[in-house]
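Asker: Handing you a structure now.
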Amino acid sequence: MSTSFATAMPAAYSLDLPEATADVEQNKRNLDEYGLAVHQALFTPEQVAVLLARLKEQAEMEEEQGVAQLSDQSSTSKTWIGRASDGPAEPCWQGIPMLVNKGRVFIDLGVMNPVLHQYANHCFKNYPMMLSSMTGLIVKKGATPMVIHSDQQFVPFPTPTPVYLNMMVCLTDFTEAMGATRVVPRSHKWNLYPKTTIGPQGVPINPEPIETVPVICKAGDVILFESRTWHQSGHSTSDTVRYSFTLLWNQSWMRPMDDIVQSLHDDVYESLPVEVRSLLGFRFDAAGRFEPRYPGDRQSMNRGMPFVPELTRGGKKKAVPFGNLKAGFTYGYENDAHEKHVK
Ligand SMILES: O=C(O)CCC(=O)C(=O)O
Ligand SMILES: [Fe+2]
């Protein structure tokens with residue numbers, strides 16, 4: 001199940017955490033040193049209230065309309081799509097995937113947040129990035145801990161930079177009793193993924209004990225953890241529900257966790273400025289070419305392509321010319337918009 005690169009984790013390691021701060025340069029150093037950082041109070045109480053209200057309403061209505069992603073503990077256990085009553089267990093956890101389609105506020109405050117871009121550019125050493133997923137996470141009493149994992153656990157070799165960077169936007173306080181995210185500080189330097197095996201319930205478990213520490217936060221804080229850092233959601237024993245959403249970014253050569261280009265609704269796409277489309281993958285640097293499915297379909301900004309079906313003499317299908325590739329370029333000539341967001 002898991003791939004290990006080093007022989008073993010260190011016999012002893014420290015669980016000390018960096019202090020939360022709004023100092024971006026300090027947080028960059030913390031990301032380098034600990035594999036994580038907490039940006040303190042990035043969002044105002046008013047912004048948190050708006051984000052939380054939208055997330056709660058969406059979550060409730062997904063459940064009411066029988067399309068909620070629910071689980072007894074986390075995405076690694078008994079997970080189903082439907083209503084709470086459809087499942088085999090108590091729905092202590094709810095995921096609200098593809099938030100790009102579920103409220104402009106998540107895009108304006110999250111995806112387009114210039115402070116958050118600075119962290120991604122730092123971790124990715126300014127290699128172009130794109131949004132990989134944006135997901136709401138609700139953790140209720142009874143939710144048990146997620147398997148300890150790294151978010152790039154399926155990458156079959158060690159990487160000198162993280163491939164993904166996760167940003168957990170706390171919409172309530174995160175206390176240990178509420179199942180706050182737990183981490184293994186400095187594990188990003190180990191060149192090792194936490195060991196997992198399939199447990200008796202048929203889902204991955206950690207066969208050996210691994211000590212983790214909760215990241216205690218306030219509503220409005222953002223936990224930044226890069227994709228080599230070992231982590232898990234915690235065990236909720238509290239009546240207070242933990243609400244958050246994560247922005248996951250990846251270097252743009254990597255296949256994103258969620259195929260947002262495929263999944264973004266047309267009306268949302270139409271409403272978005274080019275800067276947002278660019279960050280959602282409608283601009284590519286190396287991998288991810290796509291063509292229109294029909295004439296007039298949405299296009300990659302820096303590689304617009306004609307509609308070209310199978311063409312046969314006497315056949316009915318016709319090509320529809322279009323294209324914004326300039327002679328001498330393969331892609332990426334629209335550098336101004338691009339550079340603005342990756343530097
Ligand atoms: O909910 C949490 O605390 C952790 C979630 C997580 O592991 C992830 O988003 O990758
Ligand atoms: Fe994770």
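Following the order of the structure tokens, chains are lettered A, B, ..., residues in each are numbered from 1, and ligands are numbered from 1.
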Taking only C-alpha atoms and all ligand atoms into account, report as a compact mmCIF listing (two decimals) with C-alpha atoms, in the first residue's frame which residues have an atom no farther than 6 Å from an atom of ligand 1.
Answerer:
# COMPACT_ATOMS: atom_id res chain seq x y z
CA ASP A 151 -1.07 14.00 0.80
CA ALA A 180 -8.22 19.33 15.23
CA THR A 181 -5.82 18.33 12.46
CA GLN A 232 -4.49 13.11 10.10
CA SER A 233 -7.78 14.54 11.31
Asker: Could you pull out the alpha helix (DSSP H) residues of segment 19-205 of chain A from DSSP and send them as a PyMOL selection string?
Answerer: chain A and resi 24-34+45-64+104-106+114-123
Asker: Of the candidates A:Gly199, A:Gly66, A:Pro194, A:Gly103, which one gets nearest to ligand 2 if we count only C-alpha atoms and all ligand atoms?
Answerer: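 The shortest atom-to-atom distance to ligand 2 comes from A:Pro194.
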Asker: Go through chain A residue by residue and, counting only C-alpha atoms and all ligand atoms, keep those with an atom at most 9 Å from ligand 2; for each kept residue give the shortest atom pair and its distance in Å to one decimal, ordered by chain and increasing number, as a tab-separated table.
Answerer:
residue	atom	partner	partner_atom_place_in_ligand_line	distance
A:Met146	CA	ligand 2	1 (Fe)	8.6
A:Ile148	CA	ligand 2	1 (Fe)	8.1
A:His149	CA	ligand 2	1 (Fe)	6.3
A:Ser150	CA	ligand 2	1 (Fe)	6.0
A:Asp151	CA	ligand 2	1 (Fe)	4.8
A:Gln152	CA	ligand 2	1 (Fe)	8.6
A:Asn166	CA	ligand 2	1 (Fe)	7.9
A:Ser227	CA	ligand 2	1 (Fe)	7.9
A:Thr229	CA	ligand 2	1 (Fe)	9.0
A:Trp230	CA	ligand 2	1 (Fe)	8.1
A:His231	CA	ligand 2	1 (Fe)	6.3
A:Gln232	CA	ligand 2	1 (Fe)	6.2
A:Ser233	CA	ligand 2	1 (Fe)	7.9
Asker: Put those residues in a file: C-alpha atoms, as a PDB file, in the first residue's frame.
Answerer:
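Below is the file selection_22.pdb, written as the result:
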ATOM      1  CA  MET A 146      -8.053   9.512   9.931  1.00  0.00           C
ATOM      2  CA  ILE A 148      -1.933   9.067   9.279  1.00  0.00           C
ATOM      3  CA  HIS A 149      -0.890   9.892   5.744  1.00  0.00           C
ATOM      4  CA  SER A 150       0.954  12.325   3.545  1.00  0.00           C
ATOM      5  CA  ASP A 151      -1.074  14.004   0.805  1.00  0.00           C
ATOM      6  CA  GLN A 152       1.393  12.820  -1.855  1.00  0.00           C
ATOM      7  CA  ASN A 166      -2.706  22.034   1.689  1.00  0.00           C
ATOM      8  CA  SER A 227       2.229  17.335   1.027  1.00  0.00           C
ATOM      9  CA  THR A 229       4.115  16.222   6.057  1.00  0.00           C
ATOM     10  CA  TRP A 230       2.452  13.367   7.914  1.00  0.00           C
ATOM     11  CA  HIS A 231      -0.964  14.251   9.289  1.00  0.00           C
ATOM     12  CA  GLN A 232      -4.492  13.109  10.104  1.00  0.00           C
ATOM     13  CA  SER A 233      -7.777  14.538  11.311  1.00  0.00           C
TER      14      SER A 233
END
Asker: Tell me, as a ChimeraX atom specification, which residues lie within 10 Å of Lys195 of chain A, counting only C-alpha atoms; anything in the same chain fewer than 2 positions away does not count.
Answerer: /A:1-4,8-9,147-149,153,192-193,197,204-210
Asker: Skipping near chain neighbours, those fewer than 3 positions away, what residues fall within 10 Å of Thr79 of chain A using only C-alpha atoms, listed as number ranges by chain?
Answerer: A: 69-76, 82, 87-89, 91, 93-95
Asker: Quick one: distance from atom CA of Leu131 of chain A to atom CA of Met167 of chain A in Å, one decimal?
Answerer: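 These atoms are spaced 11.1 Å apart.
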Asker: Can you pull out the residues contacting Leu31 of chain A? Cut-off 10 Å, using only C-alpha atoms, and skip same-chain residues under 4 positions away; I want them as a list in words.
Answerer: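 So the residues in contact are Pro18, Glu25, Gln26, Asn27, Gly35, Leu36, Ala37, Val38, Tyr119, His122, Cys123, Pro185, Arg186, His188, Leu224, Phe225, Glu226 and Thr229 of chain A.
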Asker: Ranking A:Gln118, A:Thr240, A:Thr175, A:Asn324 by minimum distance to His39 of chain A and counting only C-alpha atoms, which one comes first?
Answerer: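 Closest residue, counting only C-alpha atoms: A:Gln118.
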Asker: Report the distance between atom CA of Met168 of chain A and atom CA of Val222 of chain A in Å, rounded to one decimal place.
Answerer: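 So the two atoms, atom CA of Met168 of chain A and atom CA of Val222 of chain A, lie 5.4 Å apart.
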Asker: Nearest residue to Glu64 of chain A out of A:Arg104, A:Arg83, A:Arg277, A:Arg293, using only C-alpha atoms?
Answerer: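 The closest residue to Glu64 of chain A is A:Arg83.
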Asker: Extract, using only C-alpha atoms, all DNA, RNA and protein residues at most 7 Å from segment 248-257 of chain A, discarding same-chain residues fewer than 4 positions from it, and format them as a VMD selection string.
Answerer: chain A and resid 124 127 to 134 163 to 167 285 to 287
Asker: Taking C-alpha atoms for each residue, export the selection above as a compact mmCIF listing (two decimals), in the first residue's frame.
Answerer:
# COMPACT_ATOMS: atom_id res chain seq x y z
CA PHE A 124 6.77 25.24 -5.18
CA TYR A 127 6.99 26.74 -10.40
CA PRO A 128 3.52 27.47 -11.87
CA MET A 129 0.70 26.16 -9.72
CA MET A 130 -3.00 25.45 -9.98
CA LEU A 131 -5.83 24.63 -7.66
CA SER A 132 -6.04 20.90 -7.04
CA SER A 133 -9.21 20.81 -4.95
CA MET A 134 -11.30 22.95 -2.63
CA VAL A 163 4.02 18.38 -4.98
CA TYR A 164 0.90 19.68 -3.21
CA LEU A 165 0.36 22.31 -0.55
CA ASN A 166 -2.71 22.03 1.69
CA MET A 167 -4.31 25.07 3.33
CA ASP A 285 2.40 25.02 -18.78
CA ALA A 286 3.35 21.47 -19.67
CA ALA A 287 0.67 18.83 -19.22
Asker: For a quick check of understanding, using only C-alpha atoms, which of A:Glu90, A:Asp258, A:Glu57, A:Glu291 has the smallest distance to Lys141 of chain A?
Answerer: A:Glu90
Asker: When you look at Ile96 of chain A with a cut-off of 8 Å (counting only C-alpha atoms), what residues show up, excluding the ones that are within fewer than 2 positions of it in the same chain? I need them as a count of residues only.
Answerer: 10
Asker: DSSP on the backbone, strand (DSSP E) only: what residues of segment 38-111 of chain A does that give? Format it as a list in words.
Answerer: Val38, His39, Ala68, Gln69, Leu70, Ser71, Thr79, Trp80, Ile81, Gly82, Trp93, Gln94, Gly95 and Ile96 of chain A
Asker: Can you write out the residues you just picked, keeping N, CA and C atoms, as a short mmCIF file (atom, residue, chain, number, x, y, z; two decimals), in the first residue's frame?
Answerer:
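Writing done, so here's result-v5.cif:
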data_model
loop_
_atom_site.label_atom_id
_atom_site.label_comp_id
_atom_site.auth_asym_id
_atom_site.auth_seq_id
_atom_site.Cartn_x
_atom_site.Cartn_y
_atom_site.Cartn_z
N VAL A 38 1.10 28.10 10.71
CA VAL A 38 -0.28 28.58 10.91
C VAL A 38 -0.29 30.08 10.68
N HIS A 39 -1.01 30.49 9.64
CA HIS A 39 -1.18 31.93 9.44
C HIS A 39 -2.33 32.39 10.33
N ALA A 68 -25.21 14.12 -0.19
CA ALA A 68 -24.12 14.47 0.73
C ALA A 68 -23.05 13.39 0.76
N GLN A 69 -21.80 13.81 0.91
CA GLN A 69 -20.70 12.86 1.08
C GLN A 69 -20.47 12.71 2.58
N LEU A 70 -20.84 11.54 3.09
CA LEU A 70 -20.86 11.35 4.54
C LEU A 70 -20.00 10.17 4.93
N SER A 71 -19.58 10.16 6.18
CA SER A 71 -18.75 9.06 6.64
C SER A 71 -18.90 8.92 8.14
N THR A 79 -17.90 5.32 4.01
CA THR A 79 -18.24 6.59 3.38
C THR A 79 -19.32 6.33 2.34
N TRP A 80 -20.32 7.18 2.31
CA TRP A 80 -21.38 7.00 1.33
C TRP A 80 -21.87 8.35 0.82
N ILE A 81 -22.56 8.31 -0.31
CA ILE A 81 -23.19 9.51 -0.85
C ILE A 81 -24.69 9.32 -0.73
N GLY A 82 -25.35 10.27 -0.09
CA GLY A 82 -26.79 10.17 0.08
C GLY A 82 -27.24 11.01 1.25
N TRP A 93 -18.90 12.79 9.89
CA TRP A 93 -17.99 13.54 9.01
C TRP A 93 -18.73 13.84 7.72
N GLN A 94 -18.57 15.04 7.23
CA GLN A 94 -19.14 15.36 5.92
C GLN A 94 -18.11 16.11 5.09
N GLY A 95 -17.95 15.69 3.87
CA GLY A 95 -17.09 16.39 2.92
C GLY A 95 -17.98 17.12 1.93
N ILE A 96 -17.60 18.32 1.58
CA ILE A 96 -18.35 19.08 0.57
C ILE A 96 -17.37 19.37 -0.55
#
